[in-house]
>>> print(open('data_5.txt').read())   # compact mmCIF, C-alpha atoms
# COMPACT_ATOMS: atom_id res chain seq x y z
CA MET B 26 -42.38 25.96 5.36
CA LYS B 27 -40.65 29.21 4.40
CA ASP B 28 -36.91 29.88 4.32
CA GLU B 29 -37.20 32.23 7.30
CA GLU B 30 -38.77 29.50 9.37
CA LEU B 31 -36.12 26.99 8.29
CA ASP B 32 -33.45 29.54 9.22
CA ARG B 33 -35.01 30.18 12.60
CA ILE B 34 -35.27 26.51 13.54
CA LEU B 35 -31.92 25.38 12.21
CA SER B 36 -30.08 28.39 13.63
CA SER B 37 -31.43 27.71 17.10
CA GLU B 38 -29.90 24.25 17.33
CA ASP B 39 -29.04 23.38 20.94
CA ASP B 40 -25.42 23.69 21.90
CA LEU B 41 -23.65 20.53 22.92
CA ILE B 42 -21.30 20.94 25.86
CA PRO B 43 -18.16 18.81 25.45
CA SER B 44 -17.67 16.32 28.26
CA SER B 45 -15.43 17.36 31.14
CA GLY B 46 -12.61 15.01 30.14
CA PHE B 47 -12.52 16.10 26.53
CA VAL B 48 -9.62 18.54 26.79
CA SER B 49 -7.44 16.13 28.77
CA SER B 50 -8.26 13.33 26.36
CA VAL B 51 -7.24 15.45 23.37
CA MET B 52 -4.08 16.65 25.10
CA GLU B 53 -3.12 13.10 26.00
CA ALA B 54 -3.46 12.12 22.35
CA VAL B 55 -1.47 15.20 21.31
CA ARG B 56 1.34 14.46 23.80
CA GLN B 57 1.48 10.87 22.60
CA GLU B 58 1.67 12.15 19.05
CA SER B 59 4.48 14.54 19.95
CA VAL B 60 6.70 11.82 21.44
CA THR B 61 6.07 9.36 18.62
CA PRO B 62 8.78 9.74 16.00
CA PRO B 63 7.40 10.62 12.60
CA PRO B 64 7.08 7.65 10.27
CA ILE B 65 10.11 7.11 8.05
CA SER B 66 9.07 7.84 4.53
CA PHE B 67 10.17 5.47 1.82
CA PRO B 68 13.43 6.77 0.31
CA TRP B 69 12.20 7.03 -3.27
CA LYS B 70 15.19 9.16 -4.27
CA HIS B 71 17.65 6.47 -3.28
CA ALA B 72 15.49 3.61 -4.45
CA MET B 73 14.83 4.93 -7.95
CA PRO B 74 18.08 3.72 -9.61
CA GLY B 75 17.58 0.23 -8.18
CA LEU B 76 13.92 0.12 -9.17
CA ALA B 77 14.73 1.37 -12.68
CA GLY B 78 17.42 -1.30 -13.06
CA LEU B 79 15.03 -3.95 -11.83
CA ALA B 80 12.35 -2.80 -14.25
CA VAL B 81 14.78 -2.92 -17.19
CA THR B 82 15.97 -6.39 -16.23
CA LEU B 83 12.44 -7.69 -15.78
CA GLY B 84 11.38 -6.14 -19.07
CA TRP B 85 14.26 -7.81 -20.82
CA ILE B 86 13.47 -11.20 -19.26
CA VAL B 87 9.78 -10.95 -20.17
CA ARG B 88 10.56 -9.91 -23.74
CA GLY B 89 13.20 -12.62 -24.07
CA GLY B 90 10.66 -15.18 -22.84
CA MET B 91 8.11 -14.08 -25.46
CA MET B 92 10.54 -14.55 -28.37
CA GLN B 93 10.22 -17.45 -30.79
CA PRO B 94 12.57 -20.38 -30.12
CA GLY B 95 15.74 -20.11 -32.15
CA GLN B 96 15.68 -16.37 -32.30
CA PRO B 97 18.71 -14.76 -30.78
CA ALA B 98 17.74 -13.05 -27.56
CA VAL B 99 20.54 -10.56 -27.54
CA GLY B 100 20.88 -8.02 -30.28
CA GLN B 101 17.14 -7.61 -30.87
CA VAL B 102 16.42 -5.84 -27.65
CA PRO B 103 18.01 -2.39 -27.50
CA LEU B 104 19.84 -2.12 -24.22
CA PRO B 105 22.51 0.15 -22.80
CA ALA B 106 26.06 -0.88 -23.70
CA LEU B 107 26.89 -2.12 -20.23
CA PHE B 108 23.84 -4.35 -20.09
CA THR B 109 24.49 -5.67 -23.60
CA THR B 110 28.01 -6.61 -22.67
CA ILE B 111 26.90 -8.35 -19.53
CA LEU B 112 24.13 -10.16 -21.33
CA GLU B 113 26.31 -11.23 -24.23
CA THR B 114 28.76 -12.72 -21.81
CA ALA B 115 26.01 -14.41 -19.91
CA THR B 116 24.54 -15.87 -23.09
CA ARG B 117 27.87 -17.18 -24.30
CA PHE B 118 28.41 -19.24 -21.17
CA ASP B 119 25.51 -20.85 -19.37
CA ALA B 120 27.31 -20.19 -16.15
CA GLY B 121 26.97 -16.51 -16.95
CA TRP B 122 23.39 -16.61 -15.75
CA VAL B 123 24.53 -17.83 -12.39
CA LEU B 124 27.07 -15.04 -12.20
CA LEU B 125 24.53 -12.47 -13.21
CA THR B 126 22.11 -13.71 -10.58
CA LEU B 127 24.84 -13.61 -7.96
CA LEU B 128 25.78 -10.11 -9.01
CA LEU B 129 22.20 -8.90 -8.82
CA THR B 130 21.75 -10.56 -5.44
CA TRP B 131 24.90 -8.90 -4.14
CA VAL B 132 23.77 -5.49 -5.40
CA LEU B 133 20.34 -5.88 -3.86
CA VAL B 134 21.76 -7.03 -0.51
CA LYS B 135 24.15 -4.09 -0.40
CA PHE B 136 21.35 -1.74 -1.32
CA SER B 137 19.02 -3.15 1.35
CA VAL B 138 21.73 -2.85 4.00
CA ARG B 139 22.30 0.75 2.97
CA LEU B 140 18.59 1.52 3.23
CA ALA B 141 18.35 -0.07 6.67
CA ARG B 142 21.13 2.16 8.09
CA MET R 28 -11.56 37.93 19.24
CA ASN R 29 -9.38 34.85 19.83
CA ALA R 30 -6.96 35.64 17.04
CA PRO R 31 -4.03 36.97 19.12
CA ALA R 32 -4.31 34.09 21.60
CA ASP R 33 -4.48 31.57 18.76
CA GLU R 34 -1.50 33.09 17.02
CA SER R 35 0.53 33.13 20.22
CA ASP R 36 -0.34 29.51 21.06
CA VAL R 37 0.43 28.33 17.55
CA THR R 38 3.82 30.04 17.68
CA LYS R 39 4.58 28.37 21.01
CA VAL R 40 3.52 24.94 19.79
CA LEU R 41 5.62 25.27 16.66
CA ALA R 42 8.56 26.24 18.88
CA GLY R 43 8.15 22.93 20.75
CA ASP R 44 5.81 23.82 23.62
CA VAL R 45 3.19 21.10 23.22
CA SER R 46 1.23 22.23 26.29
CA ALA R 47 0.37 25.51 24.52
CA PHE R 48 -1.94 23.48 22.32
CA GLU R 49 -4.27 23.12 25.32
CA GLY R 50 -5.28 26.75 24.95
CA ILE R 51 -6.38 26.08 21.39
CA VAL R 52 -8.33 23.00 22.46
CA ARG R 53 -10.06 24.88 25.29
CA ARG R 54 -11.06 27.75 23.02
CA TRP R 55 -12.30 25.66 20.12
CA GLN R 56 -13.60 22.46 21.73
CA GLY R 57 -17.19 23.76 21.82
CA PRO R 58 -17.42 24.81 18.16
CA LEU R 59 -15.62 21.71 16.89
CA VAL R 60 -17.69 19.25 18.93
CA ASN R 61 -20.89 21.06 17.95
CA LEU R 62 -19.98 21.09 14.29
CA ALA R 63 -19.23 17.37 14.48
CA TYR R 64 -22.55 16.79 16.25
CA ARG R 65 -24.39 18.58 13.47
CA PHE R 66 -22.75 16.26 10.99
CA CYS R 67 -23.34 12.96 12.79
CA GLY R 68 -26.11 13.54 15.37
CA ASP R 69 -24.29 11.38 17.92
CA ARG R 70 -22.61 12.86 20.98
CA GLY R 71 -19.95 10.18 21.46
CA ARG R 72 -19.01 10.10 17.83
CA ALA R 73 -18.96 13.90 17.69
CA GLU R 74 -16.31 14.01 20.43
CA GLU R 75 -14.24 11.32 18.69
CA MET R 76 -14.42 13.24 15.43
CA ALA R 77 -13.53 16.51 17.15
CA GLN R 78 -10.56 14.86 18.87
CA GLU R 79 -9.31 13.60 15.51
CA ALA R 80 -9.77 17.09 14.09
CA PHE R 81 -7.61 18.56 16.89
CA LEU R 82 -4.96 15.90 16.28
CA ARG R 83 -4.89 16.72 12.60
CA ALA R 84 -4.69 20.40 13.42
CA TYR R 85 -1.73 19.68 15.69
CA ARG R 86 0.02 17.67 12.98
CA GLY R 87 -0.63 20.26 10.33
CA LEU R 88 -0.17 23.39 12.41
CA SER R 89 2.73 24.59 10.29
CA GLY R 90 0.33 24.54 7.32
CA TRP R 91 -1.65 27.48 8.71
CA ARG R 92 -0.34 30.35 6.60
CA ARG R 93 -1.66 33.14 8.84
CA ASP R 94 -3.19 34.97 5.88
CA ALA R 95 -6.60 33.89 7.14
CA ALA R 96 -7.94 33.60 10.69
CA PHE R 97 -6.89 30.50 12.59
CA SER R 98 -10.57 29.63 13.08
CA THR R 99 -11.14 29.67 9.29
CA TRP R 100 -8.28 27.21 8.81
CA LEU R 101 -9.43 25.05 11.73
CA PHE R 102 -13.07 24.90 10.59
CA ALA R 103 -12.05 24.04 7.03
CA LEU R 104 -9.82 21.24 8.33
CA ALA R 105 -12.56 19.96 10.66
CA ALA R 106 -15.32 20.19 8.05
CA ASN R 107 -13.17 18.29 5.58
CA LEU R 108 -12.49 15.56 8.12
CA TYR R 109 -16.14 15.31 9.20
CA ARG R 110 -17.31 15.06 5.59
CA SER R 111 -14.89 12.22 4.91
CA GLU R 112 -15.84 10.48 8.16
CA LEU R 113 -19.53 10.66 7.35
CA ARG R 114 -18.96 9.37 3.85
CA ARG R 115 -16.91 6.50 5.28
CA ILE R 116 -19.40 5.62 8.02
CA PRO R 117 -22.82 7.23 7.43
CA PHE R 118 -24.70 8.61 10.43
CA ARG R 119 -27.21 6.50 12.28
CA SER R 120 -30.42 7.96 13.65
CA VAL R 121 -30.16 8.63 17.36
CA PRO R 122 -32.77 7.77 19.98
CA LEU R 123 -34.27 10.75 21.77
CA GLU R 124 -32.75 9.73 25.11
CA GLU R 125 -29.32 10.45 23.65
CA ALA R 126 -30.25 14.00 22.74
CA PRO R 127 -27.64 16.57 23.76
CA GLU R 128 -27.67 18.55 26.97
CA GLN R 129 -29.39 21.86 26.43
CA ARG R 130 -27.68 25.12 27.18
CA ASP R 131 -30.66 27.41 26.70
CA ASN R 132 -34.28 27.07 27.62
CA ARG R 133 -35.83 27.84 24.28
CA ALA R 134 -36.61 24.22 23.45
CA VAL R 135 -37.94 23.58 26.97
CA ASP R 136 -40.37 26.47 26.68
CA ALA R 137 -41.54 25.52 23.22
CA SER R 138 -44.61 23.40 22.82
CA LEU R 139 -44.20 19.66 22.27
CA GLU R 140 -45.50 20.04 18.76
CA ASP R 141 -42.83 22.58 17.96
CA GLN R 142 -40.17 20.37 19.47
CA ASP R 143 -41.31 17.47 17.33
CA ARG R 144 -41.25 19.62 14.23
CA ASP R 145 -37.80 20.95 15.00
CA ARG R 146 -36.47 17.47 15.69
CA ILE R 147 -37.95 16.13 12.45
CA LEU R 148 -36.46 19.03 10.55
CA ARG R 149 -32.96 18.40 11.96
CA ARG R 150 -33.17 14.73 11.16
CA ALA R 151 -34.33 15.60 7.68
CA VAL R 152 -31.18 17.70 7.24
CA LEU R 153 -29.03 14.69 8.18
CA GLY R 154 -30.94 12.61 5.66
CA LEU R 155 -30.13 14.92 2.73
CA PRO R 156 -27.64 13.91 0.03
CA PRO R 157 -24.11 14.73 1.34
CA LYS R 158 -23.42 17.76 -0.85
CA TYR R 159 -26.60 19.53 0.26
CA ARG R 160 -26.37 18.33 3.85
CA GLU R 161 -22.83 19.71 4.21
CA VAL R 162 -23.83 23.08 2.82
CA LEU R 163 -26.85 23.41 5.12
CA ILE R 164 -24.90 22.31 8.19
CA LEU R 165 -22.07 24.77 7.59
CA PHE R 166 -24.47 27.59 6.68
CA TYR R 167 -26.31 27.38 10.00
CA PHE R 168 -23.18 26.60 11.97
CA HIS R 169 -21.68 29.85 10.70
CA GLU R 170 -24.87 31.69 11.63
CA THR R 171 -25.98 32.06 8.00
CA ASP R 172 -22.70 33.66 6.93
CA VAL R 173 -22.43 32.40 3.35
CA SER R 174 -18.81 33.38 2.72
CA ALA R 175 -17.55 31.82 5.98
CA ALA R 176 -19.48 28.63 5.32
CA ALA R 177 -18.33 28.44 1.68
CA CYS R 178 -14.76 28.96 2.85
CA SER R 179 -15.04 26.11 5.36
CA LEU R 180 -16.15 23.79 2.59
CA GLY R 181 -13.65 25.14 0.08
CA LEU R 182 -16.45 25.99 -2.36
CA PRO R 183 -16.95 29.12 -4.48
CA VAL R 184 -19.72 31.30 -3.05
CA GLY R 185 -21.85 30.85 -6.18
CA THR R 186 -21.71 27.06 -5.98
CA PHE R 187 -22.44 27.23 -2.28
CA LYS R 188 -25.52 29.41 -2.81
CA ALA R 189 -26.81 27.13 -5.57
CA ARG R 190 -26.44 24.07 -3.35
CA LEU R 191 -28.02 25.88 -0.42
CA SER R 192 -31.02 26.80 -2.50
CA ARG R 193 -31.39 23.26 -3.86
CA GLY R 194 -30.86 21.76 -0.41
CA ARG R 195 -33.60 23.92 1.07
CA GLU R 196 -35.92 22.97 -1.74
CA ILE R 197 -35.33 19.24 -1.13
CA LEU R 198 -35.79 19.82 2.58
CA ARG R 199 -39.08 21.65 2.10
CA ASN R 200 -40.41 18.87 -0.13
CA LYS R 201 -39.38 16.25 2.42
CA LEU R 202 -40.98 18.17 5.24
CA GLN R 203 -44.26 18.56 3.43
CA HIS R 204 -44.64 14.80 3.71
CA LEU R 205 -43.07 14.37 7.12
CA LEU R 206 -44.96 17.15 8.90
CA ILE R 207 -48.43 16.07 7.85
CA SER R 208 -48.41 13.46 10.58
CA PRO R 209 -45.03 13.18 12.24
CA ARG R 210 -46.24 10.86 14.98
CA LEU R 211 -47.67 8.47 12.42
CA LYS R 212 -44.45 8.55 10.43
CA GLU R 213 -42.42 7.70 13.50
CA ALA R 214 -44.71 4.95 14.70
>>> encode(input="data_5.txt", output="structure tokens")
Amino acid sequence: MKDEELDRILSSEDDLIPSSGFVSSVMEAVRQESVTPPPISFPWKHAMPGLAGLAVTLGWIVRGGMMQPGQPAVGQVPLPALFTTILETATRFDAGWVLLTLLLTWVLVKFSVRLAR
Amino acid sequence: MNAPADESDVTKVLAGDVSAFEGIVRRWQGPLVNLAYRFCGDRGRAEEMAQEAFLRAYRGLSGWRRDAAFSTWLFALAANLYRSELRRIPFRSVPLEEAPEQRDNRAVDASLEDQDRDRILRRAVLGLPPKYREVLILFYFHETDVSAAACSLGLPVGTFKARLSRGREILRNKLQHLLISPRLKEA
């Protein structure tokens, strides 16, 4: 079969007539779409500081957990001054962990409430 | 031909007049349903795919930059959607009873043998590997206008022509086997 014959046959494909309700069906879907509020995108901009803080904390915990027993946990992991201070305090007193957990929980709750508004 | 009407309707829709979109649907329902039918070979699915294409066009209407014709943008959007749909759920062969309504009488006047050959050829197109199938479908949909078809697929003209040539070659080889005894092959 030659190209010309292929062209002739495939160009003469029968036209399909859309069903009578097609336009109304599309318009119904479009109207529905227009009244549906757009999905709320995740607020990455606002969430980034929290996620970064969480990642640093998790990283520190994982690294601390991998250290040999007896090795001092604090002082070997380079952390920002604020974190170091908090962690030193927490290490000095066992109760510090509880406080740190409470603090983190409070921050996360406040952050979640702010996102929900 | 439809460009001023399209432009006017798009402007109205973007200004908040949703009903103006109906004009766009009325003007382009035929081409979009037919293009979908060429991709999937199933009337019901073609209408579903065309409806989804219109919905996507509605959602992305502000993305039409007006530097090209509205139809070019719409066909590219539709072709992209149909390609993804077909890759997600490949076409199934359709029984003859579900063949589309015919608008002209050419096929009716043709001999049965010719009709069989034409039908086999169209099915063979749907059975091609996706990248050749898409090129052939768009080429004939755009009445053998290579640049329009390449634009709809977002391909450079050179790549389009190469795929068209290879697609035709595969098709011819397939047909050599299929057309020897089509009735036997179908039995």
>>> closest_residue(input="data_5.txt", among="R:Gly90, R:Pro31, R:Pro183, R:Pro58", to="chain B", atoms="all atoms listed in the file")
R:Pro58
>>> closest_residue(input="data_5.txt", among="B:Val51, B:Trp131, B:His71, B:Arg139", to="chain R", atoms="only C-alpha atoms")
B:Val51
>>> interface_residues(input="data_5.txt", of="chain B", to="chain R", cutoff="6 Å", atoms="only C-alpha atoms", output="PyMOL selection string")
chain B and resi 36+39-41+51
>>> write_last_selection(input="data_5.txt", atoms="C-alpha atoms", output="mmCIF file, keeping the file's coordinate frame")
data_model
loop_
_atom_site.group_PDB
_atom_site.id
_atom_site.type_symbol
_atom_site.label_atom_id
_atom_site.label_comp_id
_atom_site.auth_asym_id
_atom_site.auth_seq_id
_atom_site.Cartn_x
_atom_site.Cartn_y
_atom_site.Cartn_z
ATOM 1 C CA SER B 36 -30.080 28.390 13.630
ATOM 2 C CA ASP B 39 -29.040 23.380 20.940
ATOM 3 C CA ASP B 40 -25.420 23.690 21.900
ATOM 4 C CA LEU B 41 -23.650 20.530 22.920
ATOM 5 C CA VAL B 51 -7.240 15.450 23.370
#
>>> atom_distance(input="data_5.txt", atom1="CA of Arg72 (chain R)", atom2="CA of Thr99 (chain R)")
22.8 Å
>>> atom_distance(input="data_5.txt", atom1="CA of Val184 (chain R)", atom2="CA of Ile197 (chain R)")
19.8 Å
>>> closest_residue(input="data_5.txt", among="R:Arg93, R:His204, R:Arg150, R:Arg114", to="Ser35 (chain R)", atoms="all atoms listed in the file")
R:Arg93
>>> atom_distance(input="data_5.txt", atom1="CA of Lys201 (chain R)", atom2="CA of Asp172 (chain R)")
24.5 Å
>>> axis_aligned_box(input="data_5.txt", around="region 128-131 of chain B", padding_each_side="8 Å", output="lines of an AutoDock Vina configuration file")
center_x = 23.8
center_y = -9.7
center_z = -6.6
size_x = 20.0
size_y = 17.7
size_z = 20.9
>>> closest_residue(input="data_5.txt", among="R:Arg54, R:Gly194, R:Ser179, R:Phe66", to="Phe102 (chain R)", atoms="only C-alpha atoms")
R:Ser179
>>> closest_residue(input="data_5.txt", among="B:Phe47, B:Val60, B:Glu53, B:Gly75", to="Val134 (chain B)", atoms="only C-alpha atoms")
B:Gly75
>>> closest_residue(input="data_5.txt", among="R:Ala32, R:Ala106, R:Ile147, R:Val40", to="Val55 (chain B)", atoms="only C-alpha atoms")
R:Val40
